[in-house]
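Peer 1: Contents are compact mmCIF, C-alpha atoms; file name my_file14.txt:
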# COMPACT_ATOMS: atom_id res chain seq x y z
CA MET A 1154 122.16 -84.55 94.77
CA LYS A 1155 124.30 -81.86 96.36
CA ASN A 1156 122.52 -82.21 99.71
CA ILE A 1157 122.82 -86.02 99.58
CA ALA A 1158 126.54 -85.79 98.82
CA ILE A 1159 127.11 -83.38 101.72
CA GLY A 1160 125.02 -85.58 104.04
CA LEU A 1161 127.04 -88.66 103.14
CA LEU A 1162 130.28 -86.74 103.56
CA PHE A 1163 129.18 -85.55 107.01
CA ALA A 1164 128.29 -89.07 108.17
CA MET A 1165 131.55 -90.50 106.83
CA LEU A 1166 133.68 -87.81 108.49
CA TRP A 1167 131.78 -87.70 111.78
CA ALA A 1168 131.98 -91.48 112.17
CA SER A 1169 135.74 -91.43 111.65
CA ALA A 1170 136.45 -89.55 114.89
CA SER A 1171 136.55 -92.66 117.10
CA VAL A 1172 139.07 -94.55 114.96
CA ALA A 1173 141.20 -91.43 114.45
CA THR A 1174 141.25 -90.94 118.23
CA LYS A 1175 142.34 -94.57 118.77
CA PHE A 1176 145.31 -94.01 116.43
CA GLY A 1177 146.27 -90.81 118.25
CA LEU A 1178 146.14 -92.54 121.64
CA LEU A 1179 148.92 -94.87 120.50
CA SER A 1180 151.31 -91.94 120.89
CA ALA A 1181 149.69 -89.43 123.25
CA PRO A 1182 147.73 -89.29 126.51
CA PRO A 1183 144.03 -88.58 125.87
CA LEU A 1184 143.85 -85.00 127.15
CA ILE A 1185 146.99 -83.91 125.28
CA LEU A 1186 145.50 -85.27 122.05
CA GLY A 1187 142.21 -83.54 122.83
CA ASN A 1188 143.79 -80.16 123.61
CA THR A 1189 145.89 -80.28 120.45
CA ARG A 1190 142.75 -80.95 118.40
CA PHE A 1191 140.77 -78.16 120.05
CA PHE A 1192 143.39 -75.46 119.62
CA ILE A 1193 144.09 -76.31 115.97
CA ALA A 1194 140.37 -76.40 115.12
CA GLY A 1195 139.64 -73.19 117.04
CA ILE A 1196 142.49 -71.25 115.44
CA VAL A 1197 141.57 -72.42 111.91
CA LEU A 1198 137.87 -71.58 112.32
CA LEU A 1199 138.57 -68.14 113.82
CA LEU A 1200 141.22 -67.27 111.23
CA TYR A 1201 138.85 -68.29 108.44
CA GLY A 1202 135.96 -66.31 109.92
CA TYR A 1203 137.88 -63.11 110.58
CA SER A 1204 140.20 -63.21 107.55
CA PHE A 1205 138.01 -64.32 104.66
CA LYS A 1206 134.50 -63.27 105.66
CA LYS A 1207 133.76 -59.58 105.08
CA ASP A 1208 130.19 -59.55 106.42
CA ARG A 1209 129.66 -57.23 109.42
CA SER A 1210 128.27 -60.12 111.46
CA TYR A 1211 131.82 -61.52 111.63
CA ARG A 1212 132.82 -59.50 114.66
CA MET A 1213 134.27 -60.09 118.10
CA PRO A 1214 131.87 -61.37 120.78
CA LYS A 1215 130.73 -58.84 123.34
CA GLY A 1216 129.11 -58.74 126.77
CA GLU A 1217 126.76 -61.64 127.44
CA GLU A 1218 128.00 -63.45 124.33
CA TRP A 1219 131.29 -64.30 126.06
CA LYS A 1220 129.39 -66.04 128.89
CA GLN A 1221 127.23 -67.94 126.41
CA LEU A 1222 130.25 -69.06 124.37
CA ALA A 1223 132.13 -70.04 127.54
CA LEU A 1224 129.28 -72.19 128.86
CA PHE A 1225 128.67 -73.78 125.46
CA GLY A 1226 132.41 -74.43 125.05
CA PHE A 1227 132.66 -75.93 128.53
CA LEU A 1228 129.80 -78.39 127.89
CA ASN A 1229 130.46 -79.11 124.22
CA THR A 1230 134.27 -79.22 124.19
CA THR A 1231 135.82 -79.37 127.67
CA VAL A 1232 133.43 -81.94 129.16
CA TYR A 1233 132.02 -83.75 126.12
CA LEU A 1234 135.10 -84.10 123.93
CA GLY A 1235 137.45 -84.26 126.92
CA LEU A 1236 135.52 -87.25 128.31
CA PHE A 1237 135.06 -88.74 124.83
CA VAL A 1238 138.76 -88.84 123.99
CA TYR A 1239 139.49 -90.25 127.45
CA ALA A 1240 136.79 -92.92 127.05
CA MET A 1241 138.32 -94.02 123.75
CA LYS A 1242 141.34 -95.25 125.69
CA TYR A 1243 139.11 -97.88 127.34
CA THR A 1244 136.42 -98.40 124.71
CA ALA A 1245 136.24 -99.92 121.22
CA ALA A 1246 136.09 -97.37 118.40
CA GLY A 1247 132.87 -98.83 117.00
CA ILE A 1248 131.11 -98.32 120.33
CA GLY A 1249 132.25 -94.69 120.30
CA SER A 1250 130.56 -94.10 116.95
CA LEU A 1251 127.44 -95.94 118.06
CA ALA A 1252 127.14 -93.90 121.25
CA THR A 1253 127.60 -90.62 119.36
CA SER A 1254 124.55 -91.36 117.23
CA THR A 1255 122.31 -91.51 120.32
CA ASN A 1256 122.65 -87.76 120.86
CA PRO A 1257 119.17 -86.97 119.40
CA LEU A 1258 117.59 -89.49 121.79
CA LEU A 1259 119.23 -87.96 124.85
CA ILE A 1260 118.26 -84.47 123.68
CA VAL A 1261 114.60 -85.56 123.80
CA LEU A 1262 115.05 -86.74 127.39
CA LEU A 1263 116.88 -83.61 128.55
CA SER A 1264 114.45 -81.28 126.77
CA SER A 1265 111.60 -82.79 128.78
CA TRP A 1266 113.48 -82.06 132.00
CA LEU A 1267 115.01 -78.65 131.22
CA ILE A 1268 112.25 -76.93 129.24
CA GLY A 1269 109.21 -78.92 130.37
CA ARG A 1270 108.56 -80.52 126.99
CA LYS A 1271 106.66 -83.75 127.60
CA PRO A 1272 108.17 -86.54 125.46
CA ALA A 1273 105.82 -88.65 123.34
CA LYS A 1274 105.53 -92.37 124.02
CA ALA A 1275 107.38 -93.11 120.77
CA GLU A 1276 110.27 -90.92 121.92
CA ILE A 1277 110.49 -92.74 125.27
CA PHE A 1278 110.49 -96.08 123.47
CA SER A 1279 113.17 -94.78 121.10
CA ILE A 1280 115.47 -93.98 124.03
CA ILE A 1281 114.92 -97.41 125.61
CA ILE A 1282 115.52 -99.17 122.28
CA GLY A 1283 118.62 -97.11 121.54
CA MET A 1284 120.21 -97.73 124.93
CA THR A 1285 119.37 -101.44 124.68
CA GLY A 1286 121.10 -101.52 121.31
CA ILE A 1287 124.28 -100.02 122.77
CA GLY A 1288 124.18 -102.58 125.57
CA ILE A 1289 123.86 -105.47 123.12
CA ALA A 1290 126.65 -104.20 120.85
CA THR A 1291 128.94 -103.58 123.83
CA TYR A 1292 128.38 -106.93 125.59
CA PRO A 1293 130.91 -109.10 123.67
CA LEU A 1294 133.48 -106.28 123.71
CA LEU A 1295 133.31 -106.18 127.51
CA LYS A 1296 133.91 -109.93 127.59
CA ASN A 1297 137.02 -109.84 125.37
CA SER A 1298 138.47 -106.78 127.16
CA SER A 1299 138.49 -104.47 124.10
CA SER A 1300 136.12 -102.27 126.11
CA SER A 1301 135.69 -101.74 129.84
CA LEU A 1302 132.65 -100.82 131.88
CA LEU A 1303 134.48 -97.68 133.07
CA GLY A 1304 135.09 -96.65 129.46
CA VAL A 1305 131.41 -97.12 128.54
CA ILE A 1306 130.29 -95.10 131.60
CA ILE A 1307 132.67 -92.23 130.73
CA LEU A 1308 131.47 -92.39 127.12
CA MET A 1309 127.82 -92.12 128.12
CA LEU A 1310 128.61 -89.24 130.48
CA SER A 1311 130.17 -87.45 127.52
CA MET A 1312 126.97 -88.04 125.53
CA VAL A 1313 124.90 -86.52 128.35
CA SER A 1314 127.17 -83.45 128.32
CA VAL A 1315 126.89 -82.89 124.55
CA SER A 1316 123.12 -83.30 124.81
CA PHE A 1317 123.04 -80.60 127.49
CA ALA A 1318 125.16 -78.45 125.17
CA SER A 1319 122.75 -79.03 122.26
CA VAL A 1320 119.72 -78.04 124.35
CA TYR A 1321 121.54 -74.95 125.59
CA TYR A 1322 122.62 -74.04 122.04
CA ALA A 1323 119.00 -74.25 120.87
CA ARG A 1324 117.79 -71.97 123.68
CA VAL A 1325 120.27 -69.14 123.06
CA LYS A 1326 119.45 -66.48 120.45
CA TRP A 1327 122.83 -66.35 118.76
CA THR A 1328 123.75 -63.34 116.63
CA LEU A 1329 127.24 -64.51 115.72
CA PRO A 1330 127.75 -66.69 112.60
CA ASN A 1331 128.06 -70.45 113.20
CA ILE A 1332 131.72 -70.51 112.18
CA LEU A 1333 132.61 -67.98 114.89
CA ILE A 1334 130.41 -69.66 117.49
CA ASN A 1335 132.21 -72.93 116.95
CA GLY A 1336 135.64 -71.36 116.64
CA TRP A 1337 135.27 -69.57 119.95
CA GLN A 1338 133.58 -72.45 121.79
CA VAL A 1339 136.30 -74.91 120.71
CA ALA A 1340 139.10 -72.48 121.62
CA LEU A 1341 137.54 -71.59 125.00
CA GLY A 1342 136.76 -75.25 125.71
CA GLY A 1343 140.42 -76.07 125.03
CA LEU A 1344 141.53 -73.35 127.45
CA PHE A 1345 139.24 -74.72 130.17
CA LEU A 1346 140.62 -78.23 129.61
CA LEU A 1347 144.25 -77.11 129.77
CA PRO A 1348 144.62 -77.21 133.60
CA PHE A 1349 143.27 -80.78 133.68
CA THR A 1350 145.65 -81.74 130.88
CA PHE A 1351 148.67 -80.46 132.82
CA VAL A 1352 147.56 -82.13 136.08
CA PHE A 1353 146.42 -85.53 134.79
CA SER A 1354 148.63 -86.14 131.73
CA ASP A 1355 152.05 -87.75 131.71
CA PHE A 1356 153.91 -85.66 129.14
CA SER A 1357 156.85 -88.09 129.19
CA THR A 1358 154.69 -90.62 127.31
CA LEU A 1359 153.96 -88.19 124.45
CA ILE A 1360 155.54 -89.27 121.16
CA ILE A 1361 155.39 -86.80 118.28
CA ASP A 1362 155.14 -89.32 115.46
CA SER A 1363 152.89 -89.96 112.46
CA HIS A 1364 150.13 -91.47 114.63
CA PHE A 1365 149.90 -88.33 116.75
CA VAL A 1366 150.33 -85.78 113.94
CA TYR A 1367 147.92 -87.36 111.45
CA SER A 1368 145.34 -88.08 114.16
CA ALA A 1369 145.42 -84.51 115.51
CA LEU A 1370 145.21 -83.01 112.02
CA TRP A 1371 142.37 -85.32 110.96
CA LEU A 1372 140.36 -84.70 114.13
CA SER A 1373 140.83 -80.93 114.04
CA LEU A 1374 140.74 -80.07 110.34
CA VAL A 1375 138.63 -82.85 108.84
CA VAL A 1376 136.19 -83.73 111.65
CA SER A 1377 135.94 -80.49 113.65
CA VAL A 1378 136.19 -78.07 110.70
CA ILE A 1379 134.97 -79.76 107.49
CA GLY A 1380 132.54 -82.05 109.34
CA LEU A 1381 130.97 -79.15 111.22
CA ILE A 1382 130.70 -77.03 108.08
CA CYS A 1383 128.77 -79.90 106.45
CA TRP A 1384 126.59 -80.28 109.56
CA PHE A 1385 125.64 -76.61 109.72
CA TYR A 1386 124.90 -76.59 106.00
CA LEU A 1387 122.51 -79.52 106.53
CA LEU A 1388 120.90 -77.82 109.55
CA LYS A 1389 120.34 -74.67 107.51
CA ILE A 1390 118.54 -76.68 104.80
CA ASP A 1391 116.36 -78.79 107.14
CA THR A 1392 117.04 -79.52 110.82
CA VAL A 1393 114.89 -82.68 110.92
CA LYS A 1394 116.36 -84.23 107.80
CA ALA A 1395 119.85 -83.26 108.93
CA SER A 1396 119.53 -85.44 112.04
CA LEU A 1397 118.67 -88.43 109.85
CA TRP A 1398 122.26 -88.51 108.59
CA LEU A 1399 123.28 -89.54 112.11
CA PHE A 1400 121.65 -92.91 111.31
CA LEU A 1401 124.61 -93.72 109.06
CA CYS A 1402 127.30 -92.86 111.62
CA PRO A 1403 127.20 -96.25 113.43
CA LEU A 1404 127.42 -98.11 110.11
CA PHE A 1405 130.44 -96.13 108.93
CA GLY A 1406 131.95 -96.25 112.43
CA PHE A 1407 131.89 -100.03 112.72
CA PHE A 1408 133.17 -100.36 109.14
CA TYR A 1409 136.17 -98.10 109.90
CA ALA A 1410 136.84 -99.97 113.14
CA TRP A 1411 136.79 -103.34 111.32
CA TRP A 1412 138.79 -102.12 108.31
CA LEU A 1413 141.46 -100.03 110.02
CA ILE A 1414 141.97 -101.53 113.49
CA ASP A 1415 140.54 -105.05 113.13
CA GLU A 1416 137.68 -104.68 115.60
CA PRO A 1417 135.29 -107.64 115.19
CA ILE A 1418 131.82 -107.31 113.69
CA THR A 1419 129.57 -109.90 115.33
CA LEU A 1420 125.86 -110.67 115.45
CA TYR A 1421 125.79 -108.59 118.65
CA THR A 1422 127.29 -105.68 116.72
CA ILE A 1423 124.76 -105.96 113.90
CA GLY A 1424 121.77 -106.49 116.20
CA GLY A 1425 122.75 -103.64 118.53
CA THR A 1426 123.39 -101.24 115.65
CA LEU A 1427 120.04 -102.05 114.02
CA LEU A 1428 118.28 -101.38 117.34
CA VAL A 1429 120.03 -98.00 117.70
CA VAL A 1430 119.16 -97.03 114.11
CA PHE A 1431 115.54 -98.12 114.66
CA GLY A 1432 115.42 -96.14 117.90
CA LEU A 1433 116.72 -93.05 116.10
CA TYR A 1434 114.11 -93.49 113.37
CA LEU A 1435 111.34 -93.94 115.93
CA GLY A 1436 112.41 -90.77 117.73
CA GLN A 1437 112.44 -88.72 114.52
CA ARG A 1438 109.34 -90.21 112.86
CA GLN A 1439 106.85 -87.75 114.39
CA LYS A 1440 108.99 -84.78 113.34
CA LEU A 1441 109.12 -86.14 109.80
CA LYS A 1442 105.32 -86.56 109.75
CA LYS A 1443 104.80 -83.00 110.99
CA LYS A 1444 107.25 -81.74 108.40
CA ALA A 1445 105.45 -83.61 105.63
CA ALA A 1446 102.06 -82.33 106.82
CA ALA A 1447 103.30 -78.75 106.91
CA ASN A 1448 104.52 -79.02 103.32
Show this structure as structure tokens.
Peer 2:
Amino acid sequence: MKNIAIGLLFAMLWASASVATKFGLLSAPPLILGNTRFFIAGIVLLLYGYSFKKDRSYRMPKGEEWKQLALFGFLNTTVYLGLFVYAMKYTAAGIGSLATSTNPLLIVLLSSWLIGRKPAKAEIFSIIIGMTGIGIATYPLLKNSSSSLLGVIILMLSMVSVSFASVYYARVKWTLPNILINGWQVALGGLFLLPFTFVFSDFSTLIIDSHFVYSALWLSLVVSVIGLICWFYLLKIDTVKASLWLFLCPLFGFFYAWWLIDEPITLYTIGGTLLVVFGLYLGQRQKLKKKAAAN
């Protein structure tokens, strides 16, 4: 029951990022909102790791670890989350949650290219089905101008970046605890994004109001800190089963978008979401079978 509760909590929190970002964008340019989130999350994670954890593994990075953290932070925070928050300015929140759930499918594709792992036919079909589902769910939103083609393209580029980051993360033999890895990668990613924020953001449009403050705090403390703690707990228990909780993210995401910002739920939305969920299941089915056979 504990694992189920944590899995549900993760899916609920992770899916909330798109709607929370939409609220923040009412008062702040995208990159300013993103940088605020990254620095708050990074500082909280690092303070927690170095102040409350007494294990010797909670140490400062050294040597090659700085390069690894910098590259991971650049892909996972600067590029992925920087593009994601920017895409949310031109894309419906529900589509943001739906796209995020395709990360396991893209990881399969990139793994075949980067590490020579040949994808199974079911995995190829899962990618095609998942991308088709996003196209179907997005179609009516493009017609009514709540999403733009540019926004969807930027969103998918952000998904490619986080998939690269995930493959890279899996290839590195980390010796630092997960809390420190994420604290440093978020903080470094925020530093790398800072020059772009100063160049491309209009600070005169920034309004420090409840939309901005609550959005930044939710994204940094609830999504980036509590959500990631739940995610790493699930990964520690079972990596395959952990990814299954991503199936629920589109469902929660569209519910939040309908409930909080009145985004429509149509037959396109339902059909596209079901296709994405089926594609995710198809992509994970072989792993589940292998896991069951091993047990």
Peer 1: Find the residues near A:Gly1283: any atom within 7 Å, counting all atoms listed in the file, skip ones fewer than 6 places away on the same chain, and give them as a list in words.
Peer 2: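 Here the answer would be Thr1255, Leu1428, Val1429 and Gly1432 of chain A.
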Peer 1: Using all atoms listed in the file, what table do you get, as a Markdown table, when you list each residue of stretch 1177-1247 of chain A with an atom no more than 9 Å from stretch 1394-1417 of chain A, its nearest pair of atoms, and their distance in Å rounded to one decimal, rows by chain then rising number?
Peer 2:
| residue | atom | partner | partner_atom | distance |
| --- | --- | --- | --- | --- |
| A:Ala1245 | CA | A:Glu1416 | CA | 7.5 |
| A:Ala1246 | CA | A:Ala1410 | CA | 5.9 |
| A:Gly1247 | CA | A:Phe1407 | CA | 4.6 |
Peer 1: With distances taken over all atoms listed in the file, which residue among A:Thr1189, A:Ser1264, A:Ser1279, A:Asn1256 lies nearest A:Leu1359?
Peer 2: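 Closest residue, counting all atoms listed in the file: A:Thr1189.
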Peer 1: Rank nothing, just name the residue among A:Leu1179, A:Ala1318, A:Ala1170, A:Met1154 nearest to A:Ser1363, using all atoms listed in the file.
Peer 2: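 Between A:Leu1179, A:Ala1318, A:Ala1170, A:Met1154, the residue approaching A:Ser1363 most closely is A:Leu1179.
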Peer 1: Determine the nearest neighbour of A:Phe1356 from the options A:Lys1175, A:Pro1183, A:Val1315, A:Trp1167, counting all atoms listed in the file.
Peer 2: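 Using all atoms listed in the file, the shortest distance to A:Phe1356 belongs to A:Pro1183.
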Peer 1: Which of these residues is nearest to A:Thr1230, using only C-alpha atoms: A:Thr1285, A:Thr1328, A:Ser1300, A:Asn1188?
Peer 2: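 The closest residue to A:Thr1230 is A:Asn1188.
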Peer 1: Could you state the separation of atom CA of A:Val1325 and atom CA of A:Gln1221 in Å, given to one decimal place?
Peer 2: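 If I compute the distance from atom CA of A:Val1325 to atom CA of A:Gln1221, I get 7.8 Å.
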Peer 1: Measuring between all atoms listed in the file, which one of A:Ile1157, A:Ala1164, A:Val1261, A:Val1378 shows the shortest distance to A:Ser1319?
Peer 2: A:Val1261
Peer 1: Please, what distance in Å, to one decimal, runs between atom CA of A:Lys1274 and atom CA of A:Tyr1321?
Peer 2: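 Between atom CA of A:Lys1274 and atom CA of A:Tyr1321 the gap works out to 23.7 Å.
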Peer 1: Using atom CA of A:Val1376 and atom CA of A:Thr1174 as the two end points, give the distance in Å to one decimal.
Peer 2: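 Between atom CA of A:Val1376 and atom CA of A:Thr1174 the gap is 11.0 Å.
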Peer 1: Pick from A:Trp1371, A:Ala1290, A:Val1366, A:Phe1351: nearest to A:Ile1418, with all atoms listed in the file counted?
Peer 2: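 Nearest candidate to A:Ile1418 out of A:Trp1371, A:Ala1290, A:Val1366, A:Phe1351: A:Ala1290.
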Peer 1: Neighbours of A:Ile1334 within 10 Å (all atoms listed in the file; same-chain residues fewer than 5 positions away dropped), as a PyMOL selection string?
Peer 2: chain A and resi 1195+1198-1199+1202+1214+1218+1221-1222+1225-1226+1327-1329+1339
